[in-house]
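Enquirer: Pasting in a structure now, in structure tokens, and then I'll have a few things to ask.
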Amino acid sequence: MTVDMSGKIVMVTGATAGIGLQTAKDIAKMNAKVVIVGRNPQKTEGVVADIKRETGNQNVEYLLADLSSLADMRQLADDYKAKYDRLDVLVNNVGAMMTTRQETVDGLEMTFALNHLGYFLPTLLLLDVIKSSAPARIVNVSSSLHSNGEIDFDNIELKQGYGSFKAYNATKLMNVLFTNELARRLEGSNVTVNALHPGLVASNFAVTNNKNPLNRIMRMGLNLFAISLEEGAKTSVYLATSPAVEGVTGKYFEKSAEKRASESSHNEADAKRLWQLSEEITGLTVSV
């Protein structure tokens, strides 16, 4: 079913490549105003031009931010509010897997900062404009690997025992915990928030930010069994646009169908603890 998103504004983070870019394209084809977020000015501007050309939708714009930087996340929210007065759909898609432990400009572990705080902080900073646009939606791209995730709250940045999958899986669990806690806090607001697994998608994910040749070989091998970008973006687009999920919130989806997420993702105590810790790290307290 083709959905007409005319009059809606949709922001997609991590939208200069991979399923984020495909998601932005597919939603642009539905006549929404699409705002993509990228960190490289030249690349992001080029992507916007490509989306306009491929979709015929000229209402595609961009904002710049490095979503591993707390200052950039705050600036992104300020820039958005200065330019737009509504946000109907926020698709949190930015993410990375780092082969070795790296730190951000704020001294935070990169995977944690980008994959979790890169959802948590922008969402809460934009929540006032999202709520004022209700009915509105928040879509968080997670992964089935969240079921393998474990969060050590005393070592959340993995200063000891870092591993790339250990860090990534933990942040994907954080995405679902954040989704569930935010949905509880937004009950009655007419703003829905859901998480999803896009599938194993053929892309350069986990390669772009990693120079290890073994990592590239692994990615090439995985891509032999992977689905297309078009298939990988379908669940994100479904949750962002489909009338079938209007009012549905606090759920986890795979292949555009609701699925029971891992038991650990339903731990309310962990979700609340993660929320509190995230507030402390970002210095943000928002009444939700």
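Ordering of the structure tokens sets the chain letters (A, B, ...), residue numbers begin anew at 1 in every chain, and ligands are numbered from 1 in the order given.
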I'd like the contact shell of Met73 of chain A - 10 Å cut-off, only C-alpha atoms, skipping same-chain residues fewer than 2 positions apart - returned as a list in words.

Expert: Leu64, Ala65, Asp66, Leu67, Ser68, Ser69, Leu70, Ala71, Gln75, Leu76, Ala77, Asp78, Asp79, Leu117, Gly118, Tyr119, Phe120, Leu121, Pro122, Thr123 and Leu125 of chain A

Enquirer: Write out the residues from the selection above, keeping N, CA and C atoms, as a short mmCIF file (atom, residue, chain, number, x, y, z; two decimals), in the first residue's frame.

Expert:
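Listed below is the output, result_26.cif:
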```cif
data_model
loop_
_atom_site.label_atom_id
_atom_site.label_comp_id
_atom_site.auth_asym_id
_atom_site.auth_seq_id
_atom_site.Cartn_x
_atom_site.Cartn_y
_atom_site.Cartn_z
N LEU A 64 23.57 19.11 9.71
CA LEU A 64 24.88 18.50 9.96
C LEU A 64 25.09 18.27 11.45
N ALA A 65 25.58 17.08 11.79
CA ALA A 65 25.93 16.78 13.18
C ALA A 65 26.73 15.50 13.23
N ASP A 66 27.72 15.48 14.10
CA ASP A 66 28.42 14.26 14.44
C ASP A 66 27.72 13.71 15.68
N LEU A 67 26.96 12.64 15.50
CA LEU A 67 26.12 12.16 16.58
C LEU A 67 26.87 11.32 17.62
N SER A 68 28.20 11.41 17.61
CA SER A 68 28.98 10.90 18.73
C SER A 68 29.39 12.03 19.66
N SER A 69 29.09 13.26 19.27
CA SER A 69 29.46 14.45 20.04
C SER A 69 28.25 15.02 20.76
N LEU A 70 28.34 15.17 22.06
CA LEU A 70 27.23 15.72 22.83
C LEU A 70 26.90 17.14 22.39
N ALA A 71 27.92 17.94 22.11
CA ALA A 71 27.69 19.32 21.67
C ALA A 71 26.97 19.34 20.32
N GLN A 75 23.39 20.93 19.29
CA GLN A 75 23.31 21.88 18.20
C GLN A 75 22.31 21.41 17.14
N LEU A 76 22.27 20.11 16.90
CA LEU A 76 21.31 19.56 15.95
C LEU A 76 19.89 19.90 16.36
N ALA A 77 19.58 19.69 17.63
CA ALA A 77 18.22 20.00 18.11
C ALA A 77 17.92 21.48 17.97
N ASP A 78 18.89 22.31 18.31
CA ASP A 78 18.70 23.76 18.19
C ASP A 78 18.49 24.16 16.73
N ASP A 79 19.32 23.59 15.84
CA ASP A 79 19.21 23.91 14.41
C ASP A 79 17.86 23.47 13.86
N LEU A 117 23.65 6.92 23.04
CA LEU A 117 23.42 8.34 23.33
C LEU A 117 23.00 9.10 22.08
N GLY A 118 23.42 8.63 20.91
CA GLY A 118 23.02 9.24 19.64
C GLY A 118 21.54 9.07 19.34
N TYR A 119 20.87 8.17 20.06
CA TYR A 119 19.42 8.05 20.03
C TYR A 119 18.81 8.83 21.20
N PHE A 120 19.34 8.57 22.38
CA PHE A 120 18.77 9.09 23.63
C PHE A 120 18.73 10.62 23.65
N LEU A 121 19.87 11.26 23.46
CA LEU A 121 19.94 12.71 23.63
C LEU A 121 19.17 13.48 22.55
N PRO A 122 19.37 13.22 21.24
CA PRO A 122 18.59 13.97 20.24
C PRO A 122 17.09 13.77 20.40
N THR A 123 16.68 12.54 20.73
CA THR A 123 15.24 12.29 20.89
C THR A 123 14.66 13.14 21.99
N LEU A 125 15.89 15.88 23.33
CA LEU A 125 16.01 17.30 23.02
C LEU A 125 14.94 17.75 22.02
#
```

Enquirer: For Leu90 of chain A, which residue among A:Lys8, A:Lys43, A:Arg273, A:Lys25 is the nearest when counting only C-alpha atoms?

Expert: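 Comparing A:Lys8, A:Lys43, A:Arg273, A:Lys25 against Leu90 of chain A, the winner is A:Lys8.
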
Enquirer: As JSON, numbers by chain, please: all residues of segment 103-270 of chain A that backbone DSSP puts in helix (DSSP H, G or I).

Expert: {"A": [110, 111, 112, 113, 114, 115, 116, 117, 118, 119, 120, 121, 122, 123, 124, 125, 127, 128, 129, 130, 131, 132, 144, 145, 146, 147, 148, 164, 165, 166, 167, 168, 169, 170, 171, 172, 173, 174, 175, 176, 177, 178, 179, 180, 181, 182, 183, 184, 185, 213, 214, 215, 216, 217, 218, 219, 220, 221, 222, 223, 229, 230, 231, 232, 233, 234, 235, 236, 237, 238, 239, 240, 241, 243, 244, 245, 263, 264, 265, 266, 268, 269, 270]}

Enquirer: For Val176 of chain A, list every protein, DNA or RNA residue within 7 Å, evaluated using only C-alpha atoms, and leave out those in the same chain fewer than 3 positions away; present the list as a PyMOL selection string.

Expert: chain A and resi 142+172-173+179-180+195+265

Enquirer: For Asp85 of chain A, which residue among A:Leu108, A:Ser242, A:Glu181, A:Ile130 is the nearest when counting only C-alpha atoms?

Expert: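 Selected residue with least distance to Asp85 of chain A: A:Ile130.
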
Enquirer: Determine the nearest neighbour of Ile27 of chain A from the options A:Ala49, A:Leu182, A:Leu239, A:Val191, counting only C-alpha atoms.

Expert: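 Distance minimum relative to Ile27 of chain A lands on A:Leu239.
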
Enquirer: Out of A:Lys81, A:Lys234, A:Arg185, A:His197, which residue has the shortest atom-to-atom distance to Ser287 of chain A when counting only C-alpha atoms?

Expert: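 Among A:Lys81, A:Lys234, A:Arg185, A:His197, it is A:Arg185 that comes nearest to Ser287 of chain A.
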
Enquirer: For a quick check of understanding, using only C-alpha atoms, which of A:Val47, A:Leu277, A:Leu87, A:Ile36 has the smallest distance to Tyr62 of chain A?

Expert: A:Ile36

Enquirer: Counting only C-alpha atoms, figure out which residue out of A:Arg86, A:His116, A:Arg101, A:Lys251 gets nearest to Ser132 of chain A.

Expert: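 That would be A:Arg86, the residue with the smallest distance to Ser132 of chain A.
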
Enquirer: So what do you get for atom CA of Gly161 of chain A versus atom CA of Ala269 of chain A, distance-wise?

Expert: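 Separation between atom CA of Gly161 of chain A and atom CA of Ala269 of chain A: 24.4 Å.
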
Enquirer: Looking only at the backbone, which of the residues in segment 132-165 of chain A does DSSP tag as strand (DSSP E or B), as a list in words?

Expert: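 So the strand (DSSP E or B) residues in segment 132-165 of chain A would be Ala136, Arg137, Ile138, Val139, Asn140 and Val141 of chain A.
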
Enquirer: So that I can see what lies close to Val37 of chain A, please list as a ChimeraX atom specification the residues with an atom at most 8 Å from it, counting only C-alpha atoms and leaving out residues fewer than 5 positions away in the same chain.

Expert: /A:11-16,44,62-65

Enquirer: Please save C-alpha atoms of the selected residues as a PDB file, in the first residue's frame.

Expert:
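Ended up saving to out.pdb:
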```pdb
ATOM      1  CA  MET A  11      13.997  13.180  10.147  1.00  0.00           C
ATOM      2  CA  VAL A  12      16.329  10.259   9.460  1.00  0.00           C
ATOM      3  CA  THR A  13      19.720  10.053  11.155  1.00  0.00           C
ATOM      4  CA  GLY A  14      22.581   8.065   9.679  1.00  0.00           C
ATOM      5  CA  ALA A  15      21.008   8.698   6.297  1.00  0.00           C
ATOM      6  CA  THR A  16      23.999   9.250   4.028  1.00  0.00           C
ATOM      7  CA  THR A  44      25.472  14.992   2.844  1.00  0.00           C
ATOM      8  CA  TYR A  62      19.775  18.192   5.625  1.00  0.00           C
ATOM      9  CA  LEU A  63      21.297  19.160   8.915  1.00  0.00           C
ATOM     10  CA  LEU A  64      24.877  18.500   9.964  1.00  0.00           C
ATOM     11  CA  ALA A  65      25.928  16.784  13.179  1.00  0.00           C
TER      12      ALA A  65
END
```

Enquirer: Using only C-alpha atoms, which residues sit within 12 Å of Ser264 of chain A once same-chain residues fewer than 5 positions away are excluded, as an mmCIF file with C-alpha atoms, in the first residue's frame?

Expert:
```
data_model
loop_
_atom_site.group_PDB
_atom_site.id
_atom_site.type_symbol
_atom_site.label_atom_id
_atom_site.label_comp_id
_atom_site.auth_asym_id
_atom_site.auth_seq_id
_atom_site.Cartn_x
_atom_site.Cartn_y
_atom_site.Cartn_z
ATOM 1 C CA HIS A 146 20.301 -7.215 21.155
ATOM 2 C CA SER A 147 19.364 -10.688 22.428
ATOM 3 C CA ASN A 148 23.092 -11.376 22.916
ATOM 4 C CA GLY A 149 23.666 -8.046 24.644
ATOM 5 C CA GLU A 150 24.700 -7.689 28.259
ATOM 6 C CA ILE A 151 25.018 -4.373 30.079
ATOM 7 C CA ALA A 170 25.061 -4.122 24.412
ATOM 8 C CA LYS A 172 21.451 -2.697 20.571
ATOM 9 C CA LEU A 173 19.960 -3.967 23.841
ATOM 10 C CA MET A 174 20.080 -0.366 25.086
ATOM 11 C CA ASN A 175 18.070 0.692 22.012
ATOM 12 C CA VAL A 176 15.234 -1.656 22.974
ATOM 13 C CA LEU A 177 15.390 -0.782 26.680
ATOM 14 C CA ASN A 180 10.365 0.484 26.096
ATOM 15 C CA ALA A 269 14.691 -1.841 36.417
ATOM 16 C CA ASP A 270 17.514 -1.952 33.857
ATOM 17 C CA ALA A 271 15.615 0.423 31.561
#
```

Enquirer: Name all residues at most 6 Å from Asn190 of chain A (count only C-alpha atoms; drop same-chain ones fewer than 2 positions away) and give them as a ChimeraX atom specification.

Expert: /A:134-135,188

Enquirer: Contacts of Ser164 of chain A at 12 Å or less, counting only C-alpha atoms, minus same-chain residues fewer than 2 places along, as a list of chain:residue names?

Expert: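 The residues that qualify are A:Ala96, A:Met97, A:Met98, A:Thr99, A:Thr100, A:Arg101, A:Gln102, A:Glu109, A:Met110, A:Thr111, A:Phe112, A:Gly149, A:Glu157, A:Leu158, A:Gly161, A:Tyr162, A:Lys166, A:Ala167, A:Tyr168, A:Asn169, A:Ala170, A:Thr171, A:Ala206, A:Asn210, A:Asn215.
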
Enquirer: Put those residues in a file: N, CA and C atoms, as a PDB file, in the first residue's frame.

Expert:
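So the final result, stored in out.pdb, reads:
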```
ATOM      1  N   ALA A  96      27.329   2.342  14.513  1.00  0.00           N
ATOM      2  CA  ALA A  96      28.604   1.817  14.030  1.00  0.00           C
ATOM      3  C   ALA A  96      29.055   0.677  14.927  1.00  0.00           C
ATOM      4  N   MET A  97      29.949  -0.139  14.382  1.00  0.00           N
ATOM      5  CA  MET A  97      30.635  -1.163  15.163  1.00  0.00           C
ATOM      6  C   MET A  97      32.129  -0.898  15.023  1.00  0.00           C
ATOM      7  N   MET A  98      32.805  -0.727  16.129  1.00  0.00           N
ATOM      8  CA  MET A  98      34.208  -0.369  16.121  1.00  0.00           C
ATOM      9  C   MET A  98      35.064  -1.590  16.464  1.00  0.00           C
ATOM     10  N   THR A  99      36.037  -1.898  15.592  1.00  0.00           N
ATOM     11  CA  THR A  99      36.896  -3.051  15.814  1.00  0.00           C
ATOM     12  C   THR A  99      37.712  -2.902  17.097  1.00  0.00           C
ATOM     13  N   THR A 100      38.227  -1.708  17.334  1.00  0.00           N
ATOM     14  CA  THR A 100      38.998  -1.429  18.543  1.00  0.00           C
ATOM     15  C   THR A 100      38.306  -0.343  19.346  1.00  0.00           C
ATOM     16  N   ARG A 101      38.575  -0.302  20.627  1.00  0.00           N
ATOM     17  CA  ARG A 101      37.946   0.699  21.487  1.00  0.00           C
ATOM     18  C   ARG A 101      38.439   2.096  21.118  1.00  0.00           C
ATOM     19  N   GLN A 102      37.501   2.986  20.851  1.00  0.00           N
ATOM     20  CA  GLN A 102      37.817   4.381  20.524  1.00  0.00           C
ATOM     21  C   GLN A 102      36.998   5.292  21.413  1.00  0.00           C
ATOM     22  N   GLU A 109      33.219   6.148  25.261  1.00  0.00           N
ATOM     23  CA  GLU A 109      33.446   5.044  24.323  1.00  0.00           C
ATOM     24  C   GLU A 109      32.548   5.240  23.107  1.00  0.00           C
ATOM     25  N   MET A 110      33.133   5.096  21.919  1.00  0.00           N
ATOM     26  CA  MET A 110      32.470   5.494  20.679  1.00  0.00           C
ATOM     27  C   MET A 110      31.173   4.731  20.401  1.00  0.00           C
ATOM     28  N   THR A 111      31.183   3.404  20.551  1.00  0.00           N
ATOM     29  CA  THR A 111      29.980   2.621  20.238  1.00  0.00           C
ATOM     30  C   THR A 111      28.822   3.019  21.136  1.00  0.00           C
ATOM     31  N   PHE A 112      29.090   3.166  22.414  1.00  0.00           N
ATOM     32  CA  PHE A 112      28.076   3.579  23.387  1.00  0.00           C
ATOM     33  C   PHE A 112      27.551   4.977  23.059  1.00  0.00           C
ATOM     34  N   GLY A 149      23.078  -9.173  23.924  1.00  0.00           N
ATOM     35  CA  GLY A 149      23.666  -8.046  24.644  1.00  0.00           C
ATOM     36  C   GLY A 149      23.602  -8.196  26.148  1.00  0.00           C
ATOM     37  N   GLU A 157      31.114   1.646  29.571  1.00  0.00           N
ATOM     38  CA  GLU A 157      31.928   2.071  28.433  1.00  0.00           C
ATOM     39  C   GLU A 157      33.023   1.062  28.097  1.00  0.00           C
ATOM     40  N   LEU A 158      32.979  -0.090  28.752  1.00  0.00           N
ATOM     41  CA  LEU A 158      33.902  -1.187  28.484  1.00  0.00           C
ATOM     42  C   LEU A 158      35.364  -0.737  28.523  1.00  0.00           C
ATOM     43  N   GLY A 161      37.932  -5.100  29.168  1.00  0.00           N
ATOM     44  CA  GLY A 161      37.318  -6.193  28.416  1.00  0.00           C
ATOM     45  C   GLY A 161      36.559  -5.784  27.182  1.00  0.00           C
ATOM     46  N   TYR A 162      37.040  -4.785  26.444  1.00  0.00           N
ATOM     47  CA  TYR A 162      36.340  -4.347  25.236  1.00  0.00           C
ATOM     48  C   TYR A 162      36.380  -5.423  24.152  1.00  0.00           C
ATOM     49  N   LYS A 166      30.761  -7.330  21.655  1.00  0.00           N
ATOM     50  CA  LYS A 166      30.306  -7.104  23.026  1.00  0.00           C
ATOM     51  C   LYS A 166      29.743  -5.695  23.172  1.00  0.00           C
ATOM     52  N   ALA A 167      30.474  -4.720  22.620  1.00  0.00           N
ATOM     53  CA  ALA A 167      30.035  -3.325  22.695  1.00  0.00           C
ATOM     54  C   ALA A 167      28.791  -3.099  21.853  1.00  0.00           C
ATOM     55  N   TYR A 168      28.789  -3.620  20.629  1.00  0.00           N
ATOM     56  CA  TYR A 168      27.667  -3.410  19.715  1.00  0.00           C
ATOM     57  C   TYR A 168      26.389  -4.056  20.244  1.00  0.00           C
ATOM     58  N   ASN A 169      26.488  -5.311  20.646  1.00  0.00           N
ATOM     59  CA  ASN A 169      25.306  -6.022  21.130  1.00  0.00           C
ATOM     60  C   ASN A 169      24.693  -5.330  22.343  1.00  0.00           C
ATOM     61  N   ALA A 170      25.557  -4.829  23.223  1.00  0.00           N
ATOM     62  CA  ALA A 170      25.061  -4.122  24.412  1.00  0.00           C
ATOM     63  C   ALA A 170      24.279  -2.877  24.017  1.00  0.00           C
ATOM     64  N   THR A 171      24.784  -2.132  23.038  1.00  0.00           N
ATOM     65  CA  THR A 171      24.086  -0.904  22.640  1.00  0.00           C
ATOM     66  C   THR A 171      22.778  -1.212  21.928  1.00  0.00           C
ATOM     67  N   ALA A 206      30.043  -1.492   9.467  1.00  0.00           N
ATOM     68  CA  ALA A 206      31.166  -2.061  10.226  1.00  0.00           C
ATOM     69  C   ALA A 206      32.459  -2.052   9.430  1.00  0.00           C
ATOM     70  N   ASN A 210      36.280   1.245  10.130  1.00  0.00           N
ATOM     71  CA  ASN A 210      37.279   0.287  10.560  1.00  0.00           C
ATOM     72  C   ASN A 210      38.207  -0.039   9.399  1.00  0.00           C
ATOM     73  N   ASN A 215      38.235  -7.280   8.791  1.00  0.00           N
ATOM     74  CA  ASN A 215      36.855  -6.839   8.974  1.00  0.00           C
ATOM     75  C   ASN A 215      36.151  -6.689   7.630  1.00  0.00           C
TER      76      ASN A 215
END
```

Enquirer: Could you state the separation of atom CA of Glu258 of chain A and atom CA of Asn194 of chain A in Å, given to one decimal place?

Expert: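 Straight-line distance from atom CA of Glu258 of chain A to atom CA of Asn194 of chain A works out to 9.8 Å.
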
Enquirer: To one decimal place, how far is atom CA of Trp275 of chain A from atom CA of Ala261 of chain A in Å?

Expert: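 Value for the atom CA of Trp275 of chain A-atom CA of Ala261 of chain A distance: 18.9 Å.
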